[in-house]
Amino acid sequence: MVTSTHETSHRIFQDHPEVLTPAFEALGLPPPAKAIIEALTPDATEIKPLERRVDTVLKVEPSEGDSFLIAVEAQTARTRAKGSSWSYYVAYLRAKFDLPVLLVAVCRDRPTASWAAGPFECRVGSWTTQATRPFVLGPDNVPLITDESMVAREPAMATFSAIVHSHSKDAPAILGMVARGMRSFDKATAKYWCEWLEVGLEDTPVRETWRELEKMVATYFPGRGTLFEETYLEGKAEGKAEGKAEGKAESILSVMKKRGIPVPEATRDRITSCTDLDTLTLWFDRSLTATAVEDLFAED
């Protein structure tokens with residue numbers, strides 16, 4: 001079960017190491033699919049009371065070449081002490097497992113990604129004793145979702161990409177594409193990936209946009225308090241197409257409000273009085289990229 005936004009950004013590597021493909025390609029390594037990848041304990045503590053814990057540690061046995069470790073750290077902002085912590089993680093894991101270490105930092109915005117690339121140096125005068133250079137997975141090297149078919153083919157990469165690009169101006173359109181792609185999933189698969197994404201976007205500006213989009217793919221997801229459960233219970237109570245239409249109209253108005261696009265009263269009435277779900281779905285899709293309210297009704 002996904003437990004936090006921070007954990008989502010690194011735990012996906014444990015369950016779906018194919019997300020590491022951009023890093024493997026950049027380093028000229030065989031694809032993750034051709035390697036044996038095992039999650040190790042992230043504990044890098046030697047003696048209490050100082051506790052140090054890497055987010056995720058993976059042991060990789062590639063189909064070609066020598067084994068190595070990947071230490072994954074999710075980083076959402078610059079942190080003054082992080083450089084020394086990362087240097088410690090690398091040195092400790094290298095000594096403990098006697099394997100080279102690739103440190104991967106996952107960042108969702110370019111300023112943090114630029115900072116996280118380092119190098120972080122341990123220096124005395126002109127002499128550098130140790131330099132730590134993380135490999136950064138961020139907006140510049142994690143591929144954008146370009147079509148709905150990518151979601152069906154590579155759901156882990158599509159989900160991870162949506163999280164990494166969640167601060168982009170194109171994030172609403174990206175999420176719309178993910179939601180449309182998830183329509184092809186079976187019930188269990190849709191539940192699984194929608195929850196990953198909802199929690200992964202928890203502290204981002206587009207989380208509410210995603211919650212609206214989830215209604216396109218939502219089914220019952222019991223006991224977690226996610227939109228799956230809310231949508232199922234609401235739909236069961238209403239039990240009518242009229243209730244679904246009202247909910248879709250409210251979603252359109254909510255997206256327009258969050259995007260700062262004014263909706264005149266006459267247009268609001270047009271949206272809320274519409275009972276055709278296909279039309280409302282079309283308007284909702286357009287609301288994700290509209291720059292003016294008139295864009296909702298283009299070519300109607």
# chains A, B, ... in the order shown; residues from 1 in each chain; ligands from 1
>>> closest_atom_pairs(of="stretch 193-215 of chain A", to="stretch 249-253 of chain A", cutoff="9 Å", atoms="only C-alpha atoms", output="CSV")
residue,atom,partner,partner_atom,distance
A:Thr209,CA,A:Ser251,CA,8.9
A:Glu212,CA,A:Ser251,CA,6.0
A:Leu213,CA,A:Ser251,CA,8.5
>>> select_by_dssp(residues="stretch 89-197 of chain A", states="strand (DSSP E or B)", output="list in words")
Val101, Leu102, Leu103, Val104, Ala105, Val106, Phe120, Glu121, Cys122, Arg123, Val124, Trp127, Thr128, Thr129, Gln130, Ala131, Thr132, Phe135, Val136 and Leu137 of chain A
>>> write_last_selection(atoms="all heavy atoms", output="compact mmCIF listing (two decimals), in the first residue's frame")
# COMPACT_ATOMS: atom_id res chain seq x y z
N VAL A 101 28.36 1.86 -6.23
CA VAL A 101 27.04 2.41 -5.92
C VAL A 101 26.68 3.52 -6.91
O VAL A 101 27.48 4.43 -7.16
CB VAL A 101 27.01 3.00 -4.49
CG1 VAL A 101 25.62 3.55 -4.17
CG2 VAL A 101 27.41 1.93 -3.47
N LEU A 102 25.49 3.41 -7.46
CA LEU A 102 24.91 4.49 -8.27
C LEU A 102 23.85 5.17 -7.42
O LEU A 102 22.87 4.54 -7.02
CB LEU A 102 24.28 3.94 -9.55
CG LEU A 102 23.49 4.93 -10.41
CD1 LEU A 102 24.41 6.01 -10.97
CD2 LEU A 102 22.75 4.22 -11.53
N LEU A 103 24.05 6.44 -7.12
CA LEU A 103 23.08 7.22 -6.35
C LEU A 103 22.15 7.94 -7.33
O LEU A 103 22.61 8.71 -8.17
CB LEU A 103 23.79 8.23 -5.46
CG LEU A 103 22.90 9.20 -4.66
CD1 LEU A 103 22.00 8.45 -3.69
CD2 LEU A 103 23.76 10.22 -3.92
N VAL A 104 20.84 7.68 -7.21
CA VAL A 104 19.85 8.28 -8.09
C VAL A 104 18.96 9.22 -7.28
O VAL A 104 18.35 8.79 -6.28
CB VAL A 104 18.98 7.21 -8.79
CG1 VAL A 104 17.88 7.87 -9.61
CG2 VAL A 104 19.84 6.32 -9.67
N ALA A 105 18.89 10.48 -7.67
CA ALA A 105 18.02 11.45 -7.02
C ALA A 105 16.82 11.72 -7.93
O ALA A 105 16.99 12.02 -9.12
CB ALA A 105 18.77 12.75 -6.74
N VAL A 106 15.62 11.59 -7.38
CA VAL A 106 14.39 11.82 -8.14
C VAL A 106 13.87 13.21 -7.79
O VAL A 106 13.58 13.50 -6.62
CB VAL A 106 13.32 10.76 -7.82
CG1 VAL A 106 12.05 11.02 -8.62
CG2 VAL A 106 13.86 9.36 -8.09
N PHE A 120 28.92 17.13 -4.74
CA PHE A 120 29.01 17.48 -3.33
C PHE A 120 30.38 17.00 -2.85
O PHE A 120 30.67 15.81 -2.82
CB PHE A 120 27.88 16.81 -2.54
CG PHE A 120 26.52 17.23 -3.02
CD1 PHE A 120 25.82 16.45 -3.93
CD2 PHE A 120 25.95 18.41 -2.58
CE1 PHE A 120 24.57 16.84 -4.38
CE2 PHE A 120 24.70 18.81 -3.03
CZ PHE A 120 24.00 18.02 -3.94
N GLU A 121 31.24 17.97 -2.50
CA GLU A 121 32.64 17.66 -2.26
C GLU A 121 33.02 17.73 -0.79
O GLU A 121 32.54 18.59 -0.05
CB GLU A 121 33.52 18.62 -3.06
CG GLU A 121 33.33 18.52 -4.57
CD GLU A 121 34.22 19.46 -5.33
OE1 GLU A 121 34.64 20.48 -4.73
OE2 GLU A 121 34.53 19.18 -6.49
N CYS A 122 33.90 16.83 -0.41
CA CYS A 122 34.59 16.91 0.88
C CYS A 122 35.99 17.43 0.55
O CYS A 122 36.81 16.71 -0.03
CB CYS A 122 34.64 15.53 1.54
SG CYS A 122 35.56 15.50 3.08
N ARG A 123 36.22 18.69 0.89
CA ARG A 123 37.42 19.37 0.40
C ARG A 123 38.19 20.02 1.55
O ARG A 123 37.60 20.58 2.47
CB ARG A 123 37.01 20.42 -0.64
CG ARG A 123 38.11 21.34 -1.11
CD ARG A 123 37.52 22.50 -1.90
NE ARG A 123 36.97 22.06 -3.17
CZ ARG A 123 37.66 22.01 -4.30
NH1 ARG A 123 38.94 22.40 -4.30
NH2 ARG A 123 37.09 21.62 -5.41
N VAL A 124 39.51 19.95 1.46
CA VAL A 124 40.39 20.70 2.35
C VAL A 124 41.34 21.51 1.47
O VAL A 124 42.14 20.94 0.73
CB VAL A 124 41.20 19.78 3.29
CG1 VAL A 124 42.16 20.62 4.14
CG2 VAL A 124 40.27 18.97 4.18
N TRP A 127 42.35 20.49 -2.16
CA TRP A 127 42.31 19.03 -2.34
C TRP A 127 40.92 18.47 -2.04
O TRP A 127 40.37 18.69 -0.97
CB TRP A 127 43.33 18.34 -1.43
CG TRP A 127 43.45 16.88 -1.74
CD1 TRP A 127 42.82 15.86 -1.10
CD2 TRP A 127 44.22 16.29 -2.77
NE1 TRP A 127 43.14 14.67 -1.67
CE2 TRP A 127 44.02 14.90 -2.72
CE3 TRP A 127 45.07 16.81 -3.75
CZ2 TRP A 127 44.64 14.00 -3.58
CZ3 TRP A 127 45.69 15.92 -4.61
CH2 TRP A 127 45.47 14.54 -4.53
N THR A 128 40.35 17.76 -3.03
CA THR A 128 39.05 17.11 -2.84
C THR A 128 39.27 15.65 -2.48
O THR A 128 39.79 14.86 -3.28
CB THR A 128 38.21 17.19 -4.12
OG1 THR A 128 37.99 18.57 -4.46
CG2 THR A 128 36.85 16.51 -3.93
N THR A 129 38.91 15.30 -1.25
CA THR A 129 39.06 13.93 -0.79
C THR A 129 37.96 13.03 -1.35
O THR A 129 38.19 11.89 -1.71
CB THR A 129 39.02 13.87 0.75
OG1 THR A 129 40.07 14.69 1.27
CG2 THR A 129 39.19 12.44 1.25
N GLN A 130 36.75 13.58 -1.41
CA GLN A 130 35.63 12.79 -1.90
C GLN A 130 34.65 13.70 -2.63
O GLN A 130 34.40 14.83 -2.19
CB GLN A 130 34.91 12.10 -0.74
CG GLN A 130 33.77 11.18 -1.16
CD GLN A 130 33.05 10.59 0.05
OE1 GLN A 130 32.68 11.33 0.96
NE2 GLN A 130 32.87 9.29 0.06
N ALA A 131 34.10 13.24 -3.74
CA ALA A 131 33.08 13.98 -4.48
C ALA A 131 31.92 13.03 -4.79
O ALA A 131 32.14 11.92 -5.27
CB ALA A 131 33.65 14.56 -5.77
N THR A 132 30.70 13.47 -4.50
CA THR A 132 29.51 12.66 -4.74
C THR A 132 28.68 13.31 -5.84
O THR A 132 28.31 14.48 -5.74
CB THR A 132 28.67 12.53 -3.45
OG1 THR A 132 29.48 11.97 -2.42
CG2 THR A 132 27.45 11.66 -3.68
N PHE A 135 23.06 10.68 -9.97
CA PHE A 135 22.39 10.70 -11.27
C PHE A 135 20.97 11.15 -11.02
O PHE A 135 20.25 10.55 -10.23
CB PHE A 135 22.40 9.30 -11.91
CG PHE A 135 21.80 9.29 -13.29
CD1 PHE A 135 22.60 9.42 -14.41
CD2 PHE A 135 20.43 9.18 -13.48
CE1 PHE A 135 22.06 9.43 -15.69
CE2 PHE A 135 19.88 9.19 -14.74
CZ PHE A 135 20.69 9.31 -15.86
N VAL A 136 20.56 12.24 -11.67
CA VAL A 136 19.26 12.84 -11.40
C VAL A 136 18.23 12.37 -12.42
O VAL A 136 18.45 12.47 -13.63
CB VAL A 136 19.34 14.38 -11.40
CG1 VAL A 136 17.96 14.99 -11.19
CG2 VAL A 136 20.30 14.86 -10.32
N LEU A 137 17.09 11.87 -11.93
CA LEU A 137 15.92 11.61 -12.77
C LEU A 137 14.95 12.76 -12.51
O LEU A 137 14.43 12.91 -11.40
CB LEU A 137 15.27 10.27 -12.41
CG LEU A 137 16.00 9.02 -12.90
CD1 LEU A 137 15.29 7.77 -12.39
CD2 LEU A 137 16.10 8.99 -14.42
>>> residues_around(residues="A:Ser161", least_positions_apart="6", cutoff="7 Å", atoms="only C-alpha atoms", output="short mmCIF file (atom, residue, chain, number, x, y, z; two decimals) with C-alpha atoms, in the first residue's frame")
data_model
loop_
_atom_site.label_atom_id
_atom_site.label_comp_id
_atom_site.auth_asym_id
_atom_site.auth_seq_id
_atom_site.Cartn_x
_atom_site.Cartn_y
_atom_site.Cartn_z
CA VAL A 142 12.24 11.40 -17.77
CA PRO A 143 10.23 11.07 -21.00
CA LEU A 144 6.95 12.91 -21.32
CA ILE A 145 3.77 10.95 -21.95
#
>>> closest_residue(among="A:His16, A:Glu73, A:Glu61, A:Glu265", to="A:Lys34", atoms="only C-alpha atoms")
A:Glu61
>>> select_by_dssp(residues="stretch 86-257 of chain A", states="helix (DSSP H, G or I)", output="PyMOL selection string")
chain A and resi 86-97+110-116+148-153+155-164+171-182+187-200+207-216+227-238+241-257
